[in-house]
Amino acid sequence: MGFFDRFSTDVGIDLGTCNTLIYIHGKGIIIDEPSVIAVEKGTRRIRAVGAEAKNMLDKTPNSIMAIRPLEAGVISDIDSTEMMIKYFISKIIPRHKIVQSVRMKIGIPSCVTQVEKHAVVEAALKAGARQVEVIPESLAAAIGAQIPINEPAGHMICDIGGGTSEVSVISLNDMVITSSIRVGGDDFDKAIVKHVRDIHNLIIGEPAAERLKIQIGNASPPNMTSAADKEIRTMELKGVDAITGLPRRLEIDSVEAREALKEPVNRIVEEIRSVLAQTPPELAADVIDRGIVMTGGGSMLRGLPELISKETGVPIILVERPLECVAIGAGEAFEFFKDKSTARTIYDTLNN
């Protein structure tokens with residue numbers, strides 16, 4: 001360990017399409033905010049970041065831009081990303097200590113290009129970090145979920161984020177097979193927007209679609225859900241009639257919400273099946289015994305774990321805090337790869 005490493009602050013970042021989470025070793029999750037920044041046009045002066053900026057989406061005057069600087073898991077606006085990271089870091093670490101002490105490890109999808117990876121590192125360095133490393137999201141999520149990946153055994157993890165879904169089989173601290181597709185929670189929202197317009201001629205925004213997804217969105221038909229989930233729920237949407245241009249209300253139920261989400265959900269299920277088909281037999285046997293661990297905000301879609309289990313024949317474990325795993329794992333990775341032992345296993349939940 002170098003001299004500076006002894007006094008460094010190890011920071012793990014899940015730089016997500018929808019949310020940015022920052023974890024500090026020994027302190028836990030310090031930042032959990034939407035990945036949105038609002039700036040003045042021309043001057044680029046920051047007006048709001050995080051939750052406050054998200055509330056401005058689609059509601060700003062011409063003088064202000066509310067920007068989501070990441071798309072499909074990668075940076076689409078490097079300057080805005082740099083400002084956003086710098087803002088979040090300045091909230092938790094005094095400015096005069098940042099350059100001297102901060103080491104960042106950032107979770108990124110395995111499908112990113114070298115150019116996209118370089119953009120992430122560059123944005124973090126410009127934000128003030130002394131050292132920046134990247135780590136595949138599924139590996140970070142596995143560490144954050146306390147999966148004993150140091151074992152000579154197969155562990156499968158599926159991390160469904162806002163812009164990407166990554167499926168990996170991990171053994172001996174590395175990924176044996178990994179696949180990442182640019183489909184995630186954002187695509188659930190877009191599918192709802194498209195369905196409502198195509199079927200009902202009603203134009204709604206993605207924030208409204210997101211609320212519908214959270215409240216009544218689901219992936220499983222009624223005969224696969226618990227008694228509590230068999231109840232058909234409804235929600236009112238408000239938007240603009242695509243034909244008349246006038247405001248209109250629409251009531252939609254959970255059955256129709258499931259139909260709207262079918263296409264992106266099926267793409268994720270097929271990706272999991274594809275990775276399982278490529279997994280060596282001995283590791284596949286381990287996965288059957290241990291199950292598939294699900295992390296990421298998209299994994300919280302009602303009925304999705306049950307659907308994946310039915311389609312693959314493999315038990316599913318949805319971790320307790322799916323949104324936090326990548327950030328926690330990225331922050332703990334500095335120490336994890338020095339000490340490969342793990343104290344306890346998430347798979348205990350299968351035996352209880």
# chains A, B, ... in the order shown; residues from 1 in each chain; ligands from 1

$ select_by_dssp --residues "region 145-341 of chain A" --states "helix (DSSP H, G or I)" --output "MDAnalysis selection string"
chainID A and resid 185:200 206:216 222:224 227:230 254:278 281:290 297:300 304:312 325:336

$ closest_atom_pairs --of "region 5-83 of chain A" --to "region 298-313 of chain A" --cutoff "12 Å" --atoms "only C-alpha atoms" --output "tab-separated table"
residue	atom	partner	partner_atom	distance
A:Gly16	CA	A:Gly298	CA	11.9
A:Thr17	CA	A:Gly298	CA	11.8
A:Cys18	CA	A:Gly298	CA	10.6
A:Asn19	CA	A:Gly298	CA	11.9

$ residues_around --residues "Lys238 (chain A)" --least-positions-apart "4" --cutoff "7 Å" --atoms "only C-alpha atoms" --output "list of chain:residue names"
A:Ile204, A:Arg248, A:Arg249, A:Leu250

$ residues_around --residues "region 210-221 of chain A" --least-positions-apart "6" --cutoff "9 Å" --atoms "only C-alpha atoms" --output "PDB file with C-alpha atoms, in the first residue's frame"
ATOM      1  CA  GLY A 185     -35.811   0.679 -16.505  1.00  0.00           C
ATOM      2  CA  ASP A 186     -35.814   3.611 -18.933  1.00  0.00           C
ATOM      3  CA  PHE A 188     -39.903   0.184 -19.390  1.00  0.00           C
ATOM      4  CA  ASP A 189     -40.961   3.847 -19.211  1.00  0.00           C
ATOM      5  CA  LYS A 190     -40.599   4.350 -22.969  1.00  0.00           C
ATOM      6  CA  ILE A 192     -45.468   2.591 -21.528  1.00  0.00           C
ATOM      7  CA  LYS A 230     -53.930 -10.957  -8.253  1.00  0.00           C
ATOM      8  CA  ILE A 232     -56.270  -5.704 -10.707  1.00  0.00           C
ATOM      9  CA  ARG A 233     -55.026  -2.228  -9.828  1.00  0.00           C
ATOM     10  CA  THR A 234     -55.800   0.946 -11.731  1.00  0.00           C
ATOM     11  CA  MET A 235     -54.178   4.354 -12.131  1.00  0.00           C
ATOM     12  CA  GLU A 236     -55.223   7.594 -13.775  1.00  0.00           C
ATOM     13  CA  LEU A 237     -52.973   9.128 -16.406  1.00  0.00           C
ATOM     14  CA  ILE A 252     -55.289   2.207 -17.120  1.00  0.00           C
ATOM     15  CA  ASP A 253     -55.130  -1.077 -15.211  1.00  0.00           C
ATOM     16  CA  SER A 254     -52.319  -3.437 -14.234  1.00  0.00           C
ATOM     17  CA  VAL A 255     -53.253  -5.993 -16.908  1.00  0.00           C
ATOM     18  CA  GLU A 256     -52.722  -3.419 -19.658  1.00  0.00           C
ATOM     19  CA  ALA A 257     -49.552  -2.169 -17.929  1.00  0.00           C
ATOM     20  CA  ARG A 258     -48.173  -5.712 -18.137  1.00  0.00           C
ATOM     21  CA  GLU A 259     -48.914  -5.829 -21.863  1.00  0.00           C
ATOM     22  CA  ALA A 260     -47.147  -2.495 -22.365  1.00  0.00           C
ATOM     23  CA  LEU A 261     -44.014  -3.804 -20.648  1.00  0.00           C
ATOM     24  CA  LYS A 262     -43.911  -7.170 -22.398  1.00  0.00           C
ATOM     25  CA  VAL A 265     -39.203  -7.610 -20.258  1.00  0.00           C
ATOM     26  CA  MET A 300     -37.937  -4.477  -8.504  1.00  0.00           C
ATOM     27  CA  LEU A 301     -40.613  -4.596 -11.207  1.00  0.00           C
ATOM     28  CA  ARG A 302     -43.451  -6.578  -9.656  1.00  0.00           C
ATOM     29  CA  GLY A 303     -43.487 -10.199 -10.799  1.00  0.00           C
ATOM     30  CA  LEU A 304     -40.227 -10.056 -12.771  1.00  0.00           C
ATOM     31  CA  PRO A 305     -38.259 -12.455 -10.519  1.00  0.00           C
ATOM     32  CA  GLU A 306     -41.123 -14.981 -10.675  1.00  0.00           C
ATOM     33  CA  LEU A 307     -41.297 -14.707 -14.460  1.00  0.00           C
TER      34      LEU A 307
END
